[in-house]
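The next block holds one structure in the form of structure tokens; read it before the comments.
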Amino acid sequence: MNRLSGVRMRSLRKTVLLSILVSVVLVLALIHTWPTRAYTTIEVWQRPGLVLDRNLEDRLLEPDPQLSTIPFHVRESVAGLLARNGCVCESEGVTLPILQILKSRVSAQSLNKAFQASELEELKKRRDKEFKSFQKRLQTPGDMLIIAEANNPLQYPTQGVETRPLKTILIPGLALQDHPRDHYSINLTATMGTLNVAAEVDGVKIQGDGEMRMTLSSSHLGKLNRQLQFVTYTNTLFHPNTADTVHFETEGHQANFIIKIRHGLTPKLYNTGTEGEYNISALVTIATKTFLRYDKLQNLIDSVRKYYPTVTIIIADDSQNPKSISGPHIEHYIMPSGKGWFAGRNLAISQVTTKYVLWVDDDFIFTSKTKVEKLVDVLEKTTLDLVGGAVQEVTRYTATFRQTISIEPGEADGDCLHIRKGFHHVIQGFPNCVVTDGVINFFLARTDKVQQVGFDPRLNRVAHLEFFIDGLGTLHVGSCDDVIVSHASKIKFPWASASESDKAYAKFRYQPASSDSLHSNFGLFYFKNRFQCFTRGISRIF
Ligand SMILES: *[C@@H]1O[C@H](CO)[C@@H](O)[C@H](O)[C@H]1NC(C)=O
Ligand SMILES: *[C@@H]1O[C@H](CO)[C@@H](O)[C@H](O)[C@H]1NC(C)=O
């Protein structure tokens, strides 16, 4: 290598090194001046707006010396309605007059009895841990308390502003209504996106456009307000189902509002056939779960076929030695033996492709009073998701098993679950139908809503209301007593006259009181639903 090329080589190396250095510096500078957009990692946990919380708390909790001296009288009848600090597990009704005791006596069960004292402490800790992460997933800044202060010159949208993830919107309704001044200035600050203007107004100074904090100022209020009409928000942090809290301030005043960030809801629509009368075969699938009782099941199928010859029937079967059930429009799913009641329901509803699913027990019988059209009509014309019918017992009355369910918030020990016989109100236009929270084992439901709630497969023996408890807040439930299915047989005591399959079935389904199954449901109430207490009316237990 000669000397000249050596020098060239060195100077080339120098240039390369220099340019690398320059680009590193440039990149660093860029990152530094652009901190608002460089998300390398995103913490996907929900973060409640801590800063704002503190602001609000300070202002709300500041004792106002003027107010604290003004006397007041507590109105007991109303104050008593406010939630206590945590529900208490106690039986009610003891102090009521005798007639009312008969109507509304209540039994209360402490659910931690499902566990040994030695394991309870550890279990409670684990439940707390799961509950905390559940809450974190659930909360969004959109749930935050925001107060609009009096005489605030800032005008802004209090709710209803929404953007799809990573999209841009105009923020509607921003304005300043201030007293005459020499100079007007506002700041807007976002935390999950950037602010900008879709148009510029002469005489308005814009700073920080394209960043998370933008300042607009002008000596002319009208021009500033015109400019505020063009303010845009662009979501830059991809985290759907959250909300950005935008801080809006001018000298001496501040306000916060929420921009929701979410995808639109993608619909799940079902083709229900041509116009005209309800085509039950196109609209409804009948689902049932069977276990050993093939004679009963065949009677059910025969009775359905009398009235609905082409409706699809889905059967989930966890019998030990499954028999074949075949026929047109029948789907028979065989499961591992003894998988259980809710697992079977879950499998059956997972296979439904029609808009509605009609749940029946395998020992029901369709009659001329089993007008599925009526239940379809209720769901088509109301906002209900699920509507129960009535079950005619062979020797007894018809039962609708209407139950109201409420959950009273508690503190560290968990919430209280209250179940009472009854309903909330009659449905206008359907005099035989009411709104309630839980119904009998004979119901028509929107398929997607039932699939959303699901039947917890851990509930394998006696379980029913558990589904409605899981569905509280998701399912809008009704009950009509003019659509009636017959119950072939409730197993009678003693089981002397029962057939062999009935006896085998009874061994599994009915167990002595205080059996394991009830106990295991209490355990699920305690851990899964985080209840501490379960109360229900004791006038009639199913
Ligand atoms: C806007 O923000 C800047 C920077 O934090 C601050 O100096 C200024 O006082 C704010 N202006 C208003 C009107 O609040
Ligand atoms: C009702 O729906 C079924 C299944 O989709 C279809 O085969 C049948 O032709 C429909 N009947 C009428 C009258 O539209």
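Residues in the structure tokens are numbered from 1 in each chain, the chains being A, B, ... in the order shown, and ligands are numbered from 1 in the order shown.
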Quick one: residues within 12 Å of ligand 2, with only C-alpha atoms and all ligand atoms, as a PyMOL selection string? chain A and resi 270-285+308-312+329+353-355
Kindly compile the residues surrounding ligand 1 within 6 Å, counting only C-alpha atoms and all ligand atoms, and format them as number ranges by chain. A: 185-187, 249-251
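Nearest-residue note for Arg105 of chain A: choosing from A:Val462, A:Ser326, A:Arg446, A:Glu90, the minimum distance belongs to A:Glu90, counting only C-alpha atoms.
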Applying 8 Å and only C-alpha atoms, which residues near His425 of chain A remain after dropping the ones on its own chain fewer than 4 positions away? List them as a list in words. Val434, Val435 and Thr436 of chain A
For those residues, write all heavy atoms to a file as an mmCIF file, in the first residue's frame.
data_model
loop_
_atom_site.group_PDB
_atom_site.id
_atom_site.type_symbol
_atom_site.label_atom_id
_atom_site.label_comp_id
_atom_site.auth_asym_id
_atom_site.auth_seq_id
_atom_site.Cartn_x
_atom_site.Cartn_y
_atom_site.Cartn_z
ATOM 1 N N VAL A 434 -92.621 -9.740 32.406
ATOM 2 C CA VAL A 434 -92.010 -8.822 33.370
ATOM 3 C C VAL A 434 -90.504 -8.777 33.143
ATOM 4 O O VAL A 434 -89.936 -9.661 32.497
ATOM 5 C CB VAL A 434 -92.276 -9.271 34.828
ATOM 6 C CG1 VAL A 434 -93.758 -9.267 35.132
ATOM 7 C CG2 VAL A 434 -91.658 -10.633 35.092
ATOM 8 N N VAL A 435 -89.876 -7.751 33.698
ATOM 9 C CA VAL A 435 -88.415 -7.680 33.705
ATOM 10 C C VAL A 435 -87.923 -8.182 35.059
ATOM 11 O O VAL A 435 -88.454 -7.801 36.094
ATOM 12 C CB VAL A 435 -87.930 -6.231 33.474
ATOM 13 C CG1 VAL A 435 -86.425 -6.122 33.724
ATOM 14 C CG2 VAL A 435 -88.249 -5.790 32.058
ATOM 15 N N THR A 436 -86.948 -9.052 35.031
ATOM 16 C CA THR A 436 -86.397 -9.583 36.272
ATOM 17 C C THR A 436 -84.903 -9.857 36.057
ATOM 18 O O THR A 436 -84.324 -9.334 35.102
ATOM 19 C CB THR A 436 -87.193 -10.831 36.708
ATOM 20 O OG1 THR A 436 -86.686 -11.311 37.935
ATOM 21 C CG2 THR A 436 -87.123 -11.935 35.654
#
Selection: 7 Å around Leu195 of chain A, only C-alpha atoms, excl. self and same-chain fewer than 4 positions, as a ChimeraX atom specification: /A:209-214,232-234
Can you build me a table of segment 104-154 of chain A residues sitting at most 12 Å from segment 395-412 of chain A, with the closest atom pair per residue and its distance in Å to one decimal, using only C-alpha atoms, sorted by chain and residue number, as a tab-separated table?
residue	atom	partner	partner_atom	distance
A:Lys124	CA	A:Ala412	CA	9.1
A:Lys125	CA	A:Ala412	CA	10.1
A:Arg127	CA	A:Ala412	CA	10.1
A:Asp128	CA	A:Ala412	CA	8.0
A:Lys129	CA	A:Ala412	CA	11.5
A:Phe131	CA	A:Ala412	CA	10.4
A:Lys132	CA	A:Ala412	CA	11.2
One number please: atom CA of Ile286 of chain A to atom CA of Arg458 of chain A, in Å, one decimal. 23.2 Å
Among segment 349-445 of chain A, which ones does DSSP assign to alpha helix (DSSP H) (computed from the backbone)? Answer as a count of residues only. 12
Would you kindly return, as a tab-separated table (two decimals) with N, CA and C atoms, in the first residue's frame, each protein, DNA or RNA residue with an atom no farther than 10 Å from any atom of Asn152 of chain A, considering only C-alpha atoms and excluding same-chain residues fewer than 2 positions away?
chain	number	residue	atom	x	y	z
A	148	ALA	N	-66.95	20.41	36.87
A	148	ALA	CA	-66.84	21.68	36.16
A	148	ALA	C	-67.04	22.79	37.18
A	149	GLU	N	-66.04	23.62	37.32
A	149	GLU	CA	-66.11	24.64	38.36
A	149	GLU	C	-66.96	25.84	37.93
A	150	ALA	N	-67.47	26.55	38.91
A	150	ALA	CA	-68.38	27.67	38.65
A	150	ALA	C	-67.64	28.84	38.00
A	154	LEU	N	-63.84	28.94	30.53
A	154	LEU	CA	-63.52	27.94	29.50
A	154	LEU	C	-64.77	27.18	29.08
A	155	GLN	N	-64.98	27.07	27.80
A	155	GLN	CA	-66.07	26.24	27.28
A	155	GLN	C	-65.46	25.01	26.62
A	176	LEU	N	-63.36	30.35	24.68
A	176	LEU	CA	-62.99	31.13	25.87
A	176	LEU	C	-63.96	32.32	25.93
A	177	GLN	N	-64.61	32.52	27.07
A	177	GLN	CA	-65.54	33.64	27.21
A	177	GLN	C	-65.02	34.53	28.33
A	178	ASP	N	-63.92	35.21	28.05
A	178	ASP	CA	-63.25	35.94	29.13
A	178	ASP	C	-63.60	37.43	29.12
A	249	GLU	N	-56.55	25.00	29.94
A	249	GLU	CA	-56.38	26.05	30.95
A	249	GLU	C	-56.18	27.42	30.32
A	250	THR	N	-56.61	28.42	31.07
A	250	THR	CA	-56.29	29.80	30.76
A	250	THR	C	-55.87	30.42	32.08
A	252	GLY	N	-55.57	31.42	35.46
A	252	GLY	CA	-56.43	31.36	36.64
A	252	GLY	C	-57.56	30.34	36.58
A	253	HIS	N	-57.75	29.69	35.45
A	253	HIS	CA	-58.83	28.71	35.36
A	253	HIS	C	-58.35	27.46	34.65
A	254	GLN	N	-58.93	26.32	35.09
A	254	GLN	CA	-58.59	25.09	34.38
A	254	GLN	C	-59.78	24.16	34.33
A	255	ALA	N	-59.74	23.29	33.36
A	255	ALA	CA	-60.81	22.31	33.19
A	255	ALA	C	-60.21	21.05	32.59
Counting only C-alpha atoms, what is within 7 Å of His247 of chain A, bar same-chain residues fewer than 6 positions away, as a PyMOL selection string? chain A and resi 188-190+255-257
Write out as number ranges by chain the set of residues from segment 159-307 of chain A that DSSP, computed on the backbone, places in strand (DSSP E). A: 161-163, 168-170, 175-176, 184-189, 193-197, 205-207, 213-218, 231-235, 242-250, 253-261, 284-290
Please identify all polymer residues within 10 Å of Lys381 of chain A, counting only C-alpha atoms, omitting same-chain residues fewer than 4 positions from it, and present them as a VMD selection string. chain A and resid 376 to 377 429
Top pick for closest residue to Gln229 of chain A, considering A:Glu200, A:Glu466, A:Asp244, A:Glu122 and counting only C-alpha atoms: A:Glu200
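Taking atom CA of Ile259 of chain A as the reference point, atom CA of Val161 of chain A is found at 5.1 Å.
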